[in-house]
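Quick look at upload-v5.pdb (PDB, C-alpha atoms and all ligand atoms):
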MODEL        1
ATOM      1  CA  MET C  63      73.578  63.753 -46.265
ATOM      2  CA  ALA C  64      75.109  60.449 -45.296
ATOM      3  CA  ALA C  65      75.870  57.035 -46.740
ATOM      4  CA  VAL C  66      74.972  53.544 -45.597
ATOM      5  CA  ILE C  67      77.647  51.178 -46.914
ATOM      6  CA  ILE C  68      76.821  47.495 -46.592
ATOM      7  CA  ASP C  69      79.293  44.709 -47.250
ATOM      8  CA  ASP C  70      78.808  41.040 -46.470
ATOM      9  CA  GLY C  71      75.880  41.704 -44.129
ATOM     10  CA  ARG C  72      77.664  44.427 -42.172
ATOM     11  CA  VAL C  73      77.284  48.215 -42.198
ATOM     12  CA  LEU C  74      80.104  50.737 -41.936
ATOM     13  CA  ALA C  75      79.976  52.941 -38.827
ATOM     14  CA  CYS C  76      82.365  55.882 -38.471
ATOM     15  CA  GLN C  77      83.481  57.555 -35.244
ATOM     16  CA  ARG C  78      83.569  61.358 -35.362
ATOM     17  CA  SER C  79      86.783  63.133 -34.376
ATOM     18  CA  SER C  80      85.165  66.602 -34.100
ATOM     19  CA  PRO C  81      83.584  68.900 -32.997
ATOM     20  CA  PRO C  82      84.086  68.243 -29.256
ATOM     21  CA  GLU C  83      80.373  67.700 -28.561
ATOM     22  CA  ALA C  84      80.132  65.022 -31.285
ATOM     23  CA  ALA C  85      83.629  63.524 -31.005
ATOM     24  CA  GLY C  86      83.504  59.874 -30.023
ATOM     25  CA  LYS C  87      79.958  59.470 -31.326
ATOM     26  CA  TRP C  88      79.267  57.296 -34.357
ATOM     27  CA  GLU C  89      77.710  58.282 -37.676
ATOM     28  CA  PHE C  90      77.449  57.377 -41.315
ATOM     29  CA  PRO C  91      80.041  58.976 -43.579
ATOM     30  CA  GLY C  92      78.844  62.141 -45.293
ATOM     31  CA  GLY C  93      78.515  65.880 -44.939
ATOM     32  CA  LYS C  94      76.756  68.929 -46.214
ATOM     33  CA  VAL C  95      75.663  69.393 -49.812
ATOM     34  CA  GLU C  96      77.586  72.274 -51.400
ATOM     35  CA  PRO C  97      75.900  74.851 -53.641
ATOM     36  CA  GLY C  98      75.237  73.432 -57.115
ATOM     37  CA  GLU C  99      75.680  69.811 -56.021
ATOM     38  CA  THR C 100      73.049  67.105 -56.130
ATOM     39  CA  ASP C 101      72.654  64.803 -53.122
ATOM     40  CA  GLN C 102      74.381  62.100 -55.132
ATOM     41  CA  GLN C 103      77.354  64.278 -56.095
ATOM     42  CA  ALA C 104      77.793  65.365 -52.483
ATOM     43  CA  LEU C 105      77.874  61.747 -51.288
ATOM     44  CA  VAL C 106      80.371  60.685 -53.952
ATOM     45  CA  ARG C 107      82.629  63.623 -52.949
ATOM     46  CA  GLU C 108      82.310  62.984 -49.204
ATOM     47  CA  CYS C 109      82.997  59.240 -49.512
ATOM     48  CA  ALA C 110      86.148  60.025 -51.520
ATOM     49  CA  GLU C 111      87.326  62.693 -49.034
ATOM     50  CA  GLU C 112      86.515  60.798 -45.847
ATOM     51  CA  LEU C 113      87.106  57.171 -46.854
ATOM     52  CA  GLY C 114      89.149  57.205 -50.069
ATOM     53  CA  ILE C 115      86.571  55.143 -51.956
ATOM     54  CA  THR C 116      84.517  55.618 -55.120
ATOM     55  CA  VAL C 117      80.804  54.937 -54.634
ATOM     56  CA  GLU C 118      77.603  54.715 -56.622
ATOM     57  CA  VAL C 119      74.536  56.066 -54.850
ATOM     58  CA  ALA C 120      71.422  53.873 -54.647
ATOM     59  CA  GLY C 121      68.125  54.340 -52.778
ATOM     60  CA  ARG C 122      67.089  56.268 -49.691
ATOM     61  CA  VAL C 123      67.324  54.692 -46.241
ATOM     62  CA  GLY C 124      65.002  55.857 -43.483
ATOM     63  CA  PRO C 125      63.212  59.173 -43.012
ATOM     64  CA  ASP C 126      64.474  62.753 -43.223
ATOM     65  CA  VAL C 127      65.625  63.489 -39.670
ATOM     66  CA  SER C 128      65.696  67.065 -38.356
ATOM     67  CA  LEU C 129      68.991  67.910 -36.684
ATOM     68  CA  ALA C 130      68.955  69.337 -33.184
ATOM     69  CA  HIS C 131      70.005  72.816 -34.263
ATOM     70  CA  GLY C 132      67.016  72.878 -36.663
ATOM     71  CA  ARG C 133      68.965  74.263 -39.598
ATOM     72  CA  ALA C 134      69.328  71.052 -41.597
ATOM     73  CA  VAL C 135      67.965  67.578 -42.080
ATOM     74  CA  LEU C 136      69.871  64.314 -42.187
ATOM     75  CA  ARG C 137      69.107  62.386 -45.376
ATOM     76  CA  VAL C 138      70.665  58.962 -45.881
ATOM     77  CA  TYR C 139      71.233  56.854 -49.000
ATOM     78  CA  ALA C 140      72.512  53.346 -49.509
ATOM     79  CA  VAL C 141      75.711  53.404 -51.577
ATOM     80  CA  GLU C 142      77.739  50.736 -53.316
ATOM     81  CA  VAL C 143      81.543  50.729 -53.200
ATOM     82  CA  LEU C 144      83.075  50.538 -56.682
ATOM     83  CA  ASP C 145      86.386  49.084 -57.855
ATOM     84  CA  GLY C 146      86.874  46.882 -54.786
ATOM     85  CA  GLY C 147      87.706  49.928 -52.668
ATOM     86  CA  VAL C 148      88.404  49.491 -48.963
ATOM     87  CA  PRO C 149      87.323  52.397 -46.711
ATOM     88  CA  GLU C 150      90.073  54.074 -44.667
ATOM     89  CA  ALA C 151      89.541  56.483 -41.756
ATOM     90  CA  LEU C 152      90.953  59.608 -43.429
ATOM     91  CA  GLU C 153      88.910  61.997 -41.247
ATOM     92  CA  HIS C 154      87.278  59.777 -38.613
ATOM     93  CA  SER C 155      88.907  58.438 -35.438
ATOM     94  CA  ALA C 156      87.810  54.867 -36.198
ATOM     95  CA  LEU C 157      85.768  52.755 -38.578
ATOM     96  CA  ARG C 158      83.861  49.643 -37.624
ATOM     97  CA  TRP C 159      81.847  47.124 -39.678
ATOM     98  CA  LEU C 160      78.798  46.195 -37.600
ATOM     99  CA  THR C 161      76.622  43.120 -37.976
ATOM    100  CA  VAL C 162      72.933  43.394 -37.237
ATOM    101  CA  ASP C 163      73.605  42.171 -33.688
ATOM    102  CA  GLN C 164      76.210  44.884 -33.159
ATOM    103  CA  LEU C 165      74.137  47.837 -34.411
ATOM    104  CA  ASN C 166      73.515  49.177 -30.922
ATOM    105  CA  SER C 167      77.032  48.494 -29.654
ATOM    106  CA  VAL C 168      78.234  52.028 -30.470
ATOM    107  CA  PRO C 169      76.884  55.416 -29.318
ATOM    108  CA  TRP C 170      75.316  56.846 -32.489
ATOM    109  CA  LEU C 171      74.682  60.564 -32.969
ATOM    110  CA  PRO C 172      71.074  61.128 -31.864
ATOM    111  CA  ALA C 173      69.839  61.919 -35.390
ATOM    112  CA  ASP C 174      71.097  58.541 -36.616
ATOM    113  CA  VAL C 175      68.939  56.458 -34.301
ATOM    114  CA  PRO C 176      65.874  56.368 -36.637
ATOM    115  CA  ILE C 177      68.181  55.475 -39.535
ATOM    116  CA  VAL C 178      69.836  52.650 -37.592
ATOM    117  CA  ALA C 179      66.347  51.309 -36.850
ATOM    118  CA  GLU C 180      65.883  50.725 -40.606
ATOM    119  CA  LEU C 181      69.064  48.702 -41.014
ATOM    120  CA  PRO C 182      68.094  45.217 -39.796
ATOM    121  CA  LYS C 183      65.884  44.646 -42.825
ATOM    122  CA  LEU C 184      68.632  45.827 -45.196
ATOM    123  CA  LEU C 185      71.293  43.701 -43.504
ATOM    124  CA  PHE C 186      69.155  40.583 -43.515
ATOM    125  CA  ARG C 187      68.450  41.012 -47.216
ATOM    126  CA  SER C 188      72.111  41.323 -48.238
TER     127      SER C 188
HETATM  128  N1  LIG I   1      77.990  63.063 -41.952
HETATM  129  C1  LIG I   1      77.063  62.861 -41.025
HETATM  130  N2  LIG I   1      76.617  63.922 -40.318
HETATM  131  C2  LIG I   1      75.693  63.666 -39.391
HETATM  132  C3  LIG I   1      75.191  62.371 -39.147
HETATM  133  N3  LIG I   1      74.282  62.457 -38.138
HETATM  134  C4  LIG I   1      74.209  63.745 -37.768
HETATM  135  O1  LIG I   1      73.510  64.227 -36.893
HETATM  136  N4  LIG I   1      75.079  64.492 -38.533
HETATM  137  C5  LIG I   1      75.246  65.943 -38.423
HETATM  138  C6  LIG I   1      76.549  66.368 -37.841
HETATM  139  C7  LIG I   1      76.758  67.726 -38.483
HETATM  140  O2  LIG I   1      76.001  68.716 -37.786
HETATM  141  C8  LIG I   1      76.141  67.555 -39.848
HETATM  142  C9  LIG I   1      77.132  67.157 -40.913
HETATM  143  O3  LIG I   1      78.269  67.880 -40.749
HETATM  144  P1  LIG I   1      79.710  67.433 -41.203
HETATM  145  O4  LIG I   1      80.672  68.164 -40.322
HETATM  146  O5  LIG I   1      79.839  65.955 -41.320
HETATM  147  O6  LIG I   1      79.674  68.004 -42.666
HETATM  148  P2  LIG I   1      80.860  68.548 -43.529
HETATM  149  O7  LIG I   1      81.913  67.498 -43.590
HETATM  150  O8  LIG I   1      80.246  69.058 -44.800
HETATM  151  O9  LIG I   1      81.366  69.697 -42.601
HETATM  152  P3  LIG I   1      81.971  71.075 -42.998
HETATM  153  O10 LIG I   1      83.023  70.751 -44.000
HETATM  154  O11 LIG I   1      80.816  71.875 -43.517
HETATM  155  O12 LIG I   1      82.500  71.567 -41.672
HETATM  156  O13 LIG I   1      75.194  66.516 -39.713
HETATM  157  C10 LIG I   1      75.674  61.286 -39.906
HETATM  158  O14 LIG I   1      75.298  60.114 -39.758
HETATM  159  N5  LIG I   1      76.610  61.586 -40.831
ENDMDL
END

Any chance you could give the structure as structure tokens?
Amino acid sequence: MAAVIIDDGRVLACQRSSPPEAAGKWEFPGGKVEPGETDQQALVRECAEELGITVEVAGRVGPDVSLAHGRAVLRVYAVEVLDGGVPEALEHSALRWLTVDQLNSVPWLPADVPIVAELPKLLFRS
């Protein structure tokens, strides 16, 4: 479960700090859904924990992507930041706002590549 946050034609990319095999790679903020949570509740919780922002969850972005270990799928939603919140890297090593031209300037986690491919049309619309 992960969140695409778009502001002023740019998307928020987050650099993982762990585990070692994923550290340094870039992703969308998010995490696993806990028992009893909806997708939306999980994303609101993760965006608060990881970025210190309150969000409202909107529509799906891209396909369900199977993760390499085969035990989960990556599912991504567009979210809107509420209350003028500014994301902070509370758990990531870095945050970067990427324009459409910069989308491929960071090494994404492999599962994110099909999601990133959907972003140009969202960025051009905003
Ligand atoms: N959050 C996030 N996870 C991704 C993305 N792409 C991708 O392959 N993943 C994988 C990495 C992890 O195997 C899994 C999410 O794990 P996580 O470590 O972020 O989740 P979490 O915060 O709930 O972790 P934990 O507390 O259960 O340890 O999904 C992405 O864009 N965002």

For the file shown, report as a compact mmCIF listing (two decimals) with C-alpha atoms, in the coordinates of the input the outcome of the PyMOL selection byres (((not hetatm)) within 7 of (chain I and resi 1)) at residue level.
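out_35.txt, freshly written:
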# COMPACT_ATOMS: atom_id res chain seq x y z
CA MET C 63 73.58 63.75 -46.26
CA ALA C 64 75.11 60.45 -45.30
CA GLU C 89 77.71 58.28 -37.68
CA PHE C 90 77.45 57.38 -41.32
CA PRO C 91 80.04 58.98 -43.58
CA GLY C 92 78.84 62.14 -45.29
CA GLY C 93 78.52 65.88 -44.94
CA LYS C 94 76.76 68.93 -46.21
CA VAL C 95 75.66 69.39 -49.81
CA LEU C 129 68.99 67.91 -36.68
CA LEU C 136 69.87 64.31 -42.19
CA LEU C 171 74.68 60.56 -32.97
CA PRO C 172 71.07 61.13 -31.86
CA ALA C 173 69.84 61.92 -35.39
CA ASP C 174 71.10 58.54 -36.62

Once 6 Å is added on each side, what are the centre and the three edge lengths, in Å to one decimal, of the axis-aligned box enclosing the listed atoms of region 129-148 of chain C? Present them as AutoDock Vina command-line options.
--center_x 77.7 --center_y 60.6 --center_z -45.5 --size_x 33.4 --size_y 39.4 --size_z 36.7

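Nearest to Gly114 (chain C) of all the residues C:Asp101, C:Ser128, C:Ala134, C:Val143 is C:Val143, based on only C-alpha atoms.
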
Min atom-atom distance to Ala156 (chain C) from the set C:Val175, C:Val106, C:Val123, C:Ala75, counting only C-alpha atoms, belongs to C:Ala75

Mind telling me what the PyMOL selection byres (((chain C and resi 159-164) around 7) and not hetatm) catches here, as a count of residues only? 12

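Between CA of Arg78 (chain C) and CA of Gly124 (chain C) lies a distance of 21.0 Å.
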
Pairwise distance, CA of Glu99 (chain C) with CA of Ala179 (chain C), equals 28.2 Å

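CA of Leu184 (chain C) to CA of Val141 (chain C) spans 12.2 Å [interatomic distance, one decimal].
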
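Here the question is which of C:Leu105, C:Cys76, C:Ile115, C:Ile68 gets nearest to Gly146 (chain C) using all atoms listed in the file, and that residue is C:Ile115.
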
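Closest to Glu108 (chain C) among C:Ala65, C:Ala130, C:Ala120, C:Ala85 is C:Ala65, based on only C-alpha atoms.
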
Can you list, as number ranges by chain, the residues that the PyMOL selection byres (((chain C and resi 86) around 10) and not hetatm) selects here? C: 76-85, 87-89, 154-156, 168-171

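The closest residue to Ala140 (chain C), picked from C:Val117, C:Ala104, C:Val66, C:Leu152 and counting all atoms listed in the file, is C:Val66.
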